[in-house]
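J.: So here's coords.pdb (PDB, C-alpha atoms, pLDDT in the B column).
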ATOM      1  CA  MET A 193     -73.695  81.923 189.501  1.00 53.00           C
ATOM      2  CA  GLU A 194     -75.233  79.904 186.728  1.00 69.00           C
ATOM      3  CA  ILE A 195     -73.979  78.913 183.311  1.00 83.00           C
ATOM      4  CA  GLY A 196     -75.650  76.741 180.732  1.00 90.00           C
ATOM      5  CA  THR A 197     -76.344  76.452 177.042  1.00 92.00           C
ATOM      6  CA  HIS A 198     -78.294  79.731 176.987  1.00 92.00           C
ATOM      7  CA  GLU A 199     -75.409  81.709 178.488  1.00 94.00           C
ATOM      8  CA  ILE A 200     -72.928  80.219 176.021  1.00 95.00           C
ATOM      9  CA  HIS A 201     -75.298  81.079 173.150  1.00 95.00           C
ATOM     10  CA  GLU A 202     -75.556  84.671 174.370  1.00 95.00           C
ATOM     11  CA  VAL A 203     -71.789  85.092 174.789  1.00 96.00           C
ATOM     12  CA  VAL A 204     -70.968  83.695 171.338  1.00 96.00           C
ATOM     13  CA  ARG A 205     -73.802  85.598 169.623  1.00 96.00           C
ATOM     14  CA  SER A 206     -72.658  88.851 171.233  1.00 96.00           C
ATOM     15  CA  ILE A 207     -69.029  88.360 170.121  1.00 96.00           C
ATOM     16  CA  TRP A 208     -70.054  87.456 166.586  1.00 96.00           C
ATOM     17  CA  ASP A 209     -72.359  90.466 166.391  1.00 96.00           C
ATOM     18  CA  THR A 210     -70.194  93.153 168.001  1.00 96.00           C
ATOM     19  CA  VAL A 211     -66.713  92.066 166.939  1.00 95.00           C
ATOM     20  CA  LEU A 212     -67.317  90.380 163.594  1.00 96.00           C
ATOM     21  CA  GLY A 213     -70.648  91.768 162.425  1.00 95.00           C
ATOM     22  CA  LEU A 214     -71.577  88.224 161.379  1.00 93.00           C
ATOM     23  CA  ASP A 215     -74.648  86.169 162.156  1.00 93.00           C
ATOM     24  CA  ILE A 216     -74.263  82.991 164.153  1.00 93.00           C
ATOM     25  CA  GLN A 217     -77.017  80.639 165.167  1.00 91.00           C
ATOM     26  CA  PRO A 218     -77.352  77.472 167.195  1.00 90.00           C
ATOM     27  CA  SER A 219     -77.160  74.293 165.152  1.00 87.00           C
ATOM     28  CA  SER A 220     -77.235  70.564 165.554  1.00 76.00           C
ATOM     29  CA  PRO A 221     -73.981  68.633 165.954  1.00 68.00           C
ATOM     30  CA  SER A 222     -71.630  69.784 163.251  1.00 57.00           C
ATOM     31  CA  ASP A 223     -69.527  67.834 160.885  1.00 56.00           C
ATOM     32  CA  LEU A 224     -66.128  69.404 161.390  1.00 52.00           C
ATOM     33  CA  PRO A 225     -63.520  68.359 158.842  1.00 48.00           C
ATOM     34  CA  ARG A 226     -62.018  64.977 159.786  1.00 47.00           C
ATOM     35  CA  ASN A 227     -58.695  65.237 157.982  1.00 46.00           C
ATOM     36  CA  ASP A 228     -55.459  66.954 158.910  1.00 48.00           C
ATOM     37  CA  HIS A 229     -56.513  70.193 157.226  1.00 54.00           C
ATOM     38  CA  GLY A 230     -59.561  72.344 157.554  1.00 78.00           C
ATOM     39  CA  CYS A 231     -60.131  72.175 161.329  1.00 87.00           C
ATOM     40  CA  LEU A 232     -58.772  74.471 164.025  1.00 92.00           C
ATOM     41  CA  THR A 233     -59.145  74.140 167.794  1.00 93.00           C
ATOM     42  CA  GLY A 234     -58.517  76.921 170.293  1.00 95.00           C
ATOM     43  CA  PHE A 235     -58.457  76.301 174.002  1.00 93.00           C
ATOM     44  CA  ILE A 236     -57.878  78.378 177.093  1.00 95.00           C
ATOM     45  CA  GLN A 237     -57.632  77.283 180.710  1.00 94.00           C
ATOM     46  CA  ILE A 238     -59.319  79.007 183.628  1.00 94.00           C
ATOM     47  CA  ALA A 239     -57.601  78.792 187.003  1.00 92.00           C
ATOM     48  CA  GLY A 240     -58.473  80.059 190.458  1.00 92.00           C
ATOM     49  CA  ALA A 241     -61.716  79.599 192.376  1.00 91.00           C
ATOM     50  CA  TRP A 242     -63.115  77.779 189.330  1.00 91.00           C
ATOM     51  CA  GLU A 243     -60.862  75.497 187.300  1.00 91.00           C
ATOM     52  CA  GLY A 244     -61.433  74.175 183.817  1.00 93.00           C
ATOM     53  CA  ALA A 245     -61.084  75.122 180.180  1.00 94.00           C
ATOM     54  CA  ILE A 246     -62.980  76.518 177.218  1.00 95.00           C
ATOM     55  CA  VAL A 247     -62.461  74.776 173.875  1.00 94.00           C
ATOM     56  CA  CYS A 248     -63.525  76.347 170.557  1.00 95.00           C
ATOM     57  CA  LEU A 249     -63.532  74.206 167.410  1.00 93.00           C
ATOM     58  CA  SER A 250     -64.052  75.668 163.950  1.00 93.00           C
ATOM     59  CA  SER A 251     -63.605  75.032 160.291  1.00 92.00           C
ATOM     60  CA  GLU A 252     -60.606  76.825 158.824  1.00 93.00           C
ATOM     61  CA  LEU A 253     -62.928  78.575 156.378  1.00 94.00           C
ATOM     62  CA  LEU A 254     -64.910  80.205 159.203  1.00 95.00           C
ATOM     63  CA  VAL A 255     -61.736  81.251 161.034  1.00 96.00           C
ATOM     64  CA  ARG A 256     -60.462  82.678 157.732  1.00 96.00           C
ATOM     65  CA  LYS A 257     -63.684  84.709 157.280  1.00 96.00           C
ATOM     66  CA  ALA A 258     -63.588  85.916 160.897  1.00 97.00           C
ATOM     67  CA  GLY A 259     -59.871  86.750 160.652  1.00 97.00           C
ATOM     68  CA  GLY A 260     -60.492  88.738 157.486  1.00 97.00           C
ATOM     69  CA  VAL A 261     -62.962  90.901 159.420  1.00 97.00           C
ATOM     70  CA  MET A 262     -60.731  91.150 162.499  1.00 97.00           C
ATOM     71  CA  PHE A 263     -57.598  92.143 160.573  1.00 97.00           C
ATOM     72  CA  GLY A 264     -59.311  94.090 157.772  1.00 96.00           C
ATOM     73  CA  MET A 265     -57.772  91.817 155.148  1.00 97.00           C
ATOM     74  CA  ASP A 266     -58.853  89.622 152.283  1.00 97.00           C
ATOM     75  CA  PRO A 267     -59.519  86.266 154.005  1.00 96.00           C
ATOM     76  CA  ALA A 268     -57.531  84.450 151.297  1.00 96.00           C
ATOM     77  CA  ALA A 269     -54.446  86.534 152.177  1.00 96.00           C
ATOM     78  CA  LEU A 270     -54.320  85.478 155.847  1.00 96.00           C
ATOM     79  CA  THR A 271     -51.222  83.544 156.852  1.00 96.00           C
ATOM     80  CA  VAL A 272     -51.313  80.507 159.143  1.00 94.00           C
ATOM     81  CA  GLU A 273     -50.059  82.747 161.969  1.00 95.00           C
ATOM     82  CA  LEU A 274     -52.937  85.198 161.456  1.00 97.00           C
ATOM     83  CA  LEU A 275     -55.445  82.334 161.382  1.00 96.00           C
ATOM     84  CA  HIS A 276     -54.071  81.100 164.702  1.00 96.00           C
ATOM     85  CA  ASP A 277     -54.164  84.651 166.107  1.00 97.00           C
ATOM     86  CA  ALA A 278     -57.796  85.042 165.006  1.00 97.00           C
ATOM     87  CA  LEU A 279     -58.978  81.817 166.634  1.00 97.00           C
ATOM     88  CA  GLY A 280     -56.818  82.454 169.693  1.00 97.00           C
ATOM     89  CA  GLU A 281     -58.433  85.867 170.136  1.00 97.00           C
ATOM     90  CA  LEU A 282     -61.959  84.500 169.589  1.00 97.00           C
ATOM     91  CA  THR A 283     -61.233  81.761 172.151  1.00 97.00           C
ATOM     92  CA  ASN A 284     -59.890  84.390 174.558  1.00 97.00           C
ATOM     93  CA  MET A 285     -63.049  86.515 174.147  1.00 97.00           C
ATOM     94  CA  VAL A 286     -65.374  83.531 174.651  1.00 97.00           C
ATOM     95  CA  GLY A 287     -63.303  82.395 177.647  1.00 96.00           C
ATOM     96  CA  GLY A 288     -63.217  85.853 179.225  1.00 96.00           C
ATOM     97  CA  ASN A 289     -66.950  86.361 178.898  1.00 95.00           C
ATOM     98  CA  LEU A 290     -67.736  82.901 180.282  1.00 95.00           C
ATOM     99  CA  LYS A 291     -65.203  83.319 183.098  1.00 94.00           C
ATOM    100  CA  ALA A 292     -67.187  86.342 184.250  1.00 93.00           C
ATOM    101  CA  LEU A 293     -70.154  83.998 184.844  1.00 92.00           C
ATOM    102  CA  LEU A 294     -68.139  81.500 186.891  1.00 89.00           C
ATOM    103  CA  PRO A 295     -67.135  81.638 190.572  1.00 86.00           C
ATOM    104  CA  GLY A 296     -64.138  83.861 191.189  1.00 85.00           C
ATOM    105  CA  PRO A 297     -61.638  85.097 191.560  1.00 93.00           C
ATOM    106  CA  SER A 298     -60.367  83.188 188.549  1.00 91.00           C
ATOM    107  CA  PHE A 299     -58.077  84.108 185.688  1.00 94.00           C
ATOM    108  CA  LEU A 300     -57.474  83.074 182.098  1.00 95.00           C
ATOM    109  CA  CYS A 301     -54.265  81.493 180.902  1.00 94.00           C
ATOM    110  CA  LEU A 302     -52.960  82.171 177.404  1.00 94.00           C
ATOM    111  CA  PRO A 303     -54.953  80.605 174.566  1.00 94.00           C
ATOM    112  CA  ALA A 304     -53.451  77.865 172.408  1.00 93.00           C
ATOM    113  CA  VAL A 305     -54.445  76.793 168.888  1.00 94.00           C
ATOM    114  CA  VAL A 306     -54.105  73.349 167.304  1.00 91.00           C
ATOM    115  CA  GLU A 307     -54.539  72.729 163.588  1.00 85.00           C
ATOM    116  CA  GLY A 308     -55.896  69.534 162.057  1.00 75.00           C
ATOM    117  CA  SER A 309     -58.080  66.820 163.514  1.00 68.00           C
ATOM    118  CA  ASP A 310     -55.788  63.840 164.107  1.00 70.00           C
ATOM    119  CA  TYR A 311     -54.944  64.714 167.704  1.00 73.00           C
ATOM    120  CA  SER A 312     -56.373  64.636 171.167  1.00 74.00           C
ATOM    121  CA  VAL A 313     -56.301  67.411 173.733  1.00 71.00           C
ATOM    122  CA  CYS A 314     -56.215  66.526 177.393  1.00 74.00           C
ATOM    123  CA  VAL A 315     -56.666  69.052 180.161  1.00 77.00           C
ATOM    124  CA  PRO A 316     -55.826  66.868 183.175  1.00 79.00           C
ATOM    125  CA  SER A 317     -58.482  66.466 185.857  1.00 81.00           C
ATOM    126  CA  THR A 318     -61.256  67.973 183.723  1.00 85.00           C
ATOM    127  CA  TRP A 319     -64.278  66.529 181.986  1.00 86.00           C
ATOM    128  CA  PRO A 320     -66.728  67.892 179.395  1.00 88.00           C
ATOM    129  CA  VAL A 321     -69.751  69.591 180.928  1.00 91.00           C
ATOM    130  CA  ILE A 322     -71.442  71.486 178.098  1.00 92.00           C
ATOM    131  CA  GLU A 323     -70.989  71.385 174.325  1.00 93.00           C
ATOM    132  CA  VAL A 324     -72.818  73.943 172.174  1.00 94.00           C
ATOM    133  CA  GLU A 325     -72.909  73.833 168.364  1.00 93.00           C
ATOM    134  CA  PHE A 326     -73.215  76.892 166.128  1.00 94.00           C
ATOM    135  CA  SER A 327     -73.234  77.729 162.451  1.00 91.00           C
ATOM    136  CA  SER A 328     -72.024  80.931 160.827  1.00 93.00           C
ATOM    137  CA  GLN A 329     -71.459  81.588 157.153  1.00 89.00           C
ATOM    138  CA  ALA A 330     -72.617  77.954 156.618  1.00 88.00           C
ATOM    139  CA  GLU A 331     -69.594  76.775 158.633  1.00 91.00           C
ATOM    140  CA  PRO A 332     -69.437  75.033 162.050  1.00 91.00           C
ATOM    141  CA  PHE A 333     -68.237  76.527 165.338  1.00 93.00           C
ATOM    142  CA  THR A 334     -68.400  74.550 168.606  1.00 93.00           C
ATOM    143  CA  VAL A 335     -67.812  75.677 172.193  1.00 95.00           C
ATOM    144  CA  LYS A 336     -67.045  73.150 174.933  1.00 94.00           C
ATOM    145  CA  LEU A 337     -66.838  73.849 178.639  1.00 94.00           C
ATOM    146  CA  LEU A 338     -64.530  71.493 180.542  1.00 93.00           C
ATOM    147  CA  ALA A 339     -64.707  71.565 184.334  1.00 92.00           C
ATOM    148  CA  GLY A 340     -62.203  70.465 186.924  1.00 87.00           C
ATOM    149  CA  GLY A 341     -62.460  69.808 190.630  1.00 67.00           C
ATOM    150  CA  ALA A 342     -65.404  68.316 192.458  1.00 57.00           C
ATOM    151  CA  PRO A 343     -68.821  68.263 190.750  1.00 51.00           C
ATOM    152  CA  SER A 344     -70.115  70.544 193.526  1.00 48.00           C
ATOM    153  CA  ALA A 345     -67.782  73.242 192.168  1.00 50.00           C
ATOM    154  CA  LEU A 346     -69.722  73.348 188.913  1.00 51.00           C
ATOM    155  CA  PRO A 347     -72.141  76.166 188.170  1.00 52.00           C
ATOM    156  CA  ARG A 348     -75.688  74.967 188.962  1.00 49.00           C
ATOM    157  CA  ARG A 349     -77.005  74.799 185.393  1.00 49.00           C
ATOM    158  CA  ALA A 350     -74.010  72.792 184.183  1.00 50.00           C
ATOM    159  CA  GLN A 351     -74.806  70.144 186.809  1.00 43.00           C
ATOM    160  CA  LYS A 352     -78.255  69.481 185.270  1.00 43.00           C
TER     161      LYS A 352
END
Using the file provided, produce a representation of the structure as structure tokens.

T.:
Amino acid sequence: MEIGTHEIHEVVRSIWDTVLGLDIQPSSPSDLPRNDHGCLTGFIQIAGAWEGAIVCLSSELLVRKAGGVMFGMDPAALTVELLHDALGELTNMVGGNLKALLPGPSFLCLPAVVEGSDYSVCVPSTWPVIEVEFSSQAEPFTVKLLAGGAPSALPRRAQK
């Protein structure tokens, strides 16, 4: 099995197209908000034959737009809980699709969402392998793949 930047692009593009009906394109490193408001991070661990995590970072504005589509609501009317649900579900979809490309059997844990930017997230015994930047609706969205275990357990493309 192989996973790399191309596969992450395809997974995210497919979700944005089929679920949200929004365009998303690769971009250069984004400038996510650096204050306590305006940035949301979703992460989900993968356990089993392959161990690691998927991290999705987004501006609140993009999550609000996506949540409006997902819940059929005015984006301005979404509560904090619905914003967290929207990013949690997007993270779950990205994680599930990427998990299918990784050695198995593996399973997804429940997604978690953190709001703000003055924090650090540590998934013990993992390290960043791939980081892919996107832009949708003129807002940033980033996907990070964190791998655990021995480097030989990594998918071939991620090792390059």

J.: Using all atoms listed in the file, find the one residue out of A:Ala278, A:Val313, A:Val261, A:Ile216 that sits nearest to A:Ser327.

T.: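 Counting all atoms listed in the file, the residue closest to A:Ser327 is A:Ile216.
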
J.: If we count only C-alpha atoms and set the cut-off at 7 Å, which residues sit around stretch 324-326 of chain A, ignoring sequence neighbours fewer than 6 positions away in its own chain? Please answer as a compact mmCIF listing (two decimals) with C-alpha atoms, in the coordinates of the input.

T.:
# COMPACT_ATOMS: atom_id res chain seq x y z
CA THR A 197 -76.34 76.45 177.04
CA ILE A 216 -74.26 82.99 164.15
CA GLN A 217 -77.02 80.64 165.17
CA PRO A 218 -77.35 77.47 167.20
CA SER A 219 -77.16 74.29 165.15
CA SER A 220 -77.24 70.56 165.55
CA PRO A 221 -73.98 68.63 165.95
CA SER A 222 -71.63 69.78 163.25
CA PRO A 332 -69.44 75.03 162.05
CA PHE A 333 -68.24 76.53 165.34
CA THR A 334 -68.40 74.55 168.61
CA VAL A 335 -67.81 75.68 172.19
CA LYS A 336 -67.04 73.15 174.93

J.: Apply the PyMOL selection byres ((chain A and resi 249-251) around 12) to the file shown and report the selected residues as a PyMOL selection string.

T.: chain A and resi 221-236+246-248+252-258+275-276+278-280+282-283+286+304-309+313+323-337

J.: For a quick check of understanding, using all atoms listed in the file, which of A:Val315, A:Asn289, A:Pro297, A:Gly213 has the smallest distance to A:Ala239?

T.: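 So, comparing all the options, the nearest one is A:Pro297.
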
J.: One decimal, in Å: what's the spacing between atom CA of A:Ala241 and atom CA of A:Ala292?

T.: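 Atom CA of A:Ala292 lies at a distance of 11.9 Å from atom CA of A:Ala241.
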
J.: For the atom pair atom CA of A:Leu294 and atom CA of A:Leu274, what is the interatomic distance in Å to one decimal place?

T.: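 Distance between the two atoms: 29.9 Å.
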
J.: Within 9 Å of (-58.5, 86.2, 150.7) (file coordinates; all atoms listed in the file), which protein or nucleic acid residues are there? I'd like them as a list in words.

T.: Arg256, Lys257, Gly260, Met265, Asp266, Pro267, Ala268, Ala269 and Leu270 of chain A

J.: Pick out the residues sitting within 10 Å of A:Val211, and hand them over as a ChimeraX atom specification; count only C-alpha atoms, and ignore anything fewer than 3 positions along from it in its own chain.

T.: /A:205-208,214,258,261-262,282,285

J.: Put those residues in a file: C-alpha atoms, as a PDB file, in the frame of the given file.

T.:
ATOM      1  CA  ARG A 205     -73.802  85.598 169.623  1.00 96.00           C
ATOM      2  CA  SER A 206     -72.658  88.851 171.233  1.00 96.00           C
ATOM      3  CA  ILE A 207     -69.029  88.360 170.121  1.00 96.00           C
ATOM      4  CA  TRP A 208     -70.054  87.456 166.586  1.00 96.00           C
ATOM      5  CA  LEU A 214     -71.577  88.224 161.379  1.00 93.00           C
ATOM      6  CA  ALA A 258     -63.588  85.916 160.897  1.00 97.00           C
ATOM      7  CA  VAL A 261     -62.962  90.901 159.420  1.00 97.00           C
ATOM      8  CA  MET A 262     -60.731  91.150 162.499  1.00 97.00           C
ATOM      9  CA  LEU A 282     -61.959  84.500 169.589  1.00 97.00           C
ATOM     10  CA  MET A 285     -63.049  86.515 174.147  1.00 97.00           C
TER      11      MET A 285
END

J.: I need the residue set behind the PyMOL selection byres ((chain A and resi 317) around 9) for this file; please write it as a ChimeraX atom specification.

T.: /A:244,314-316,318-319,339-341

J.: Could you tell me how far atom CA of A:Gln237 sits from atom CA of A:Leu293, in Å to one decimal place?

T.: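 Interatomic distance here is 14.8 Å.
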
J.: Put a box with edges along x, y and z around all the listed atoms of stretch 286-291 of chain A, pad it by 5 Å on each side, then give me its centre and sizes in Å, one decimal, as AutoDock Vina command-line options.

T.:
--center_x -65.5 --center_y 84.4 --center_z 178.9 --size_x 14.5 --size_y 14.0 --size_z 18.4

J.: Would you kindly identify which residues have an atom no farther than 7 Å from (-60.0, 79.9, 187.7), using all atoms listed in the file and the file's own coordinates, and write them out as a PDB file with C-alpha atoms, in the coordinates of the input?

T.:
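The result, written out as part_28.pdb:
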ATOM      1  CA  ILE A 238     -59.319  79.007 183.628  1.00 94.00           C
ATOM      2  CA  ALA A 239     -57.601  78.792 187.003  1.00 92.00           C
ATOM      3  CA  GLY A 240     -58.473  80.059 190.458  1.00 92.00           C
ATOM      4  CA  ALA A 241     -61.716  79.599 192.376  1.00 91.00           C
ATOM      5  CA  TRP A 242     -63.115  77.779 189.330  1.00 91.00           C
ATOM      6  CA  GLU A 243     -60.862  75.497 187.300  1.00 91.00           C
ATOM      7  CA  GLY A 296     -64.138  83.861 191.189  1.00 85.00           C
ATOM      8  CA  PRO A 297     -61.638  85.097 191.560  1.00 93.00           C
ATOM      9  CA  SER A 298     -60.367  83.188 188.549  1.00 91.00           C
ATOM     10  CA  PHE A 299     -58.077  84.108 185.688  1.00 94.00           C
ATOM     11  CA  LEU A 300     -57.474  83.074 182.098  1.00 95.00           C
TER      12      LEU A 300
END

J.: Which one of A:Ala245, A:Asp277, A:Leu302, A:Glu199 sits closest to A:Val321 if you count only C-alpha atoms?

T.: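 Looking only at the distances to A:Val321, the closest residue turns out to be A:Ala245.
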
J.: Name the closest residue to A:Val204 among the candidates A:Glu281, A:Leu290, A:Phe263, A:Tyr311; distances are taken between atoms, counting all atoms listed in the file.

T.: A:Leu290

J.: For A:Leu338, which residue out of A:Gly287, A:Leu212, A:Pro303, A:Thr271 is the nearest one, using all atoms listed in the file?

T.: A:Gly287

J.: Generate a file for stretch 240-251 of chain A, containing all heavy atoms, as a CSV table (one decimal), in the first residue's frame.

T.:
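selection_38.csv written:
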chain,number,residue,atom,x,y,z
A,240,GLY,N,-4.1,-0.4,15.3
A,240,GLY,CA,-4.2,-1.7,14.7
A,240,GLY,C,-2.9,-2.0,14.0
A,240,GLY,O,-1.8,-1.7,14.5
A,241,ALA,N,-2.9,-2.6,12.8
A,241,ALA,CA,-1.7,-3.0,12.1
A,241,ALA,C,-0.9,-1.7,11.7
A,241,ALA,O,0.3,-1.8,11.6
A,241,ALA,CB,-2.1,-3.7,10.8
A,242,TRP,N,-1.6,-0.6,11.5
A,242,TRP,CA,-0.9,0.7,11.3
A,242,TRP,C,-1.3,1.6,12.4
A,242,TRP,O,-2.5,1.7,12.7
A,242,TRP,CB,-1.2,1.3,9.9
A,242,TRP,CG,-0.4,2.4,9.6
A,242,TRP,CD1,0.8,2.4,8.9
A,242,TRP,CD2,-0.6,3.8,9.9
A,242,TRP,NE1,1.4,3.6,8.8
A,242,TRP,CE2,0.5,4.5,9.3
A,242,TRP,CE3,-1.6,4.5,10.5
A,242,TRP,CZ2,0.6,5.9,9.4
A,242,TRP,CZ3,-1.5,5.9,10.6
A,242,TRP,CH2,-0.4,6.6,10.1
A,243,GLU,N,-0.4,2.3,13.0
A,243,GLU,CA,-0.7,3.2,14.1
A,243,GLU,C,-0.3,4.6,13.8
A,243,GLU,O,0.8,4.8,13.2
A,243,GLU,CB,-0.1,2.7,15.4
A,243,GLU,CG,-0.4,1.3,15.8
A,243,GLU,CD,-0.8,1.1,17.2
A,243,GLU,OE1,-0.5,2.0,18.0
A,243,GLU,OE2,-1.4,0.1,17.5
A,244,GLY,N,-1.1,5.6,14.1
A,244,GLY,CA,-0.8,7.0,13.9
A,244,GLY,C,-2.1,7.8,14.1
A,244,GLY,O,-3.0,7.4,14.8
A,245,ALA,N,-2.1,9.0,13.4
A,245,ALA,CA,-3.2,9.9,13.6
A,245,ALA,C,-3.3,10.8,12.3
A,245,ALA,O,-2.3,11.0,11.6
A,245,ALA,CB,-3.0,10.8,14.8
A,246,ILE,N,-4.5,11.2,12.1
A,246,ILE,CA,-4.8,12.2,11.1
A,246,ILE,C,-5.2,13.5,11.8
A,246,ILE,O,-6.0,13.5,12.7
A,246,ILE,CB,-5.9,11.8,10.1
A,246,ILE,CG1,-5.7,10.4,9.6
A,246,ILE,CG2,-6.2,12.8,9.1
A,246,ILE,CD1,-4.5,10.3,8.6
A,247,VAL,N,-4.6,14.6,11.4
A,247,VAL,CA,-4.9,15.9,12.0
A,247,VAL,C,-5.4,16.8,10.9
A,247,VAL,O,-4.8,16.9,9.8
A,247,VAL,CB,-3.7,16.5,12.7
A,247,VAL,CG1,-4.0,17.9,13.3
A,247,VAL,CG2,-3.1,15.6,13.7
A,248,CYS,N,-6.5,17.5,11.1
A,248,CYS,CA,-7.1,18.4,10.2
A,248,CYS,C,-7.2,19.8,10.8
A,248,CYS,O,-7.9,19.9,11.9
A,248,CYS,CB,-8.5,18.0,9.7
A,248,CYS,SG,-8.5,16.4,8.8
A,249,LEU,N,-6.6,20.8,10.3
A,249,LEU,CA,-6.6,22.2,10.8
A,249,LEU,C,-7.4,23.0,9.8
A,249,LEU,O,-7.2,22.9,8.6
A,249,LEU,CB,-5.2,22.7,11.0
A,249,LEU,CG,-4.3,22.0,11.9
A,249,LEU,CD1,-3.4,21.0,11.2
A,249,LEU,CD2,-3.5,23.0,12.7
A,250,SER,N,-8.2,23.9,10.3
A,250,SER,CA,-9.0,24.8,9.5
A,250,SER,C,-9.3,26.1,10.1
A,250,SER,O,-9.3,26.2,11.4
A,250,SER,CB,-10.3,24.1,9.1
A,250,SER,OG,-11.1,24.9,8.3
A,251,SER,N,-9.6,27.1,9.3
A,251,SER,CA,-10.1,28.3,9.9
A,251,SER,C,-11.6,28.1,10.3
A,251,SER,O,-12.2,27.2,9.8
A,251,SER,CB,-10.1,29.4,8.8
A,251,SER,OG,-11.0,29.2,7.8
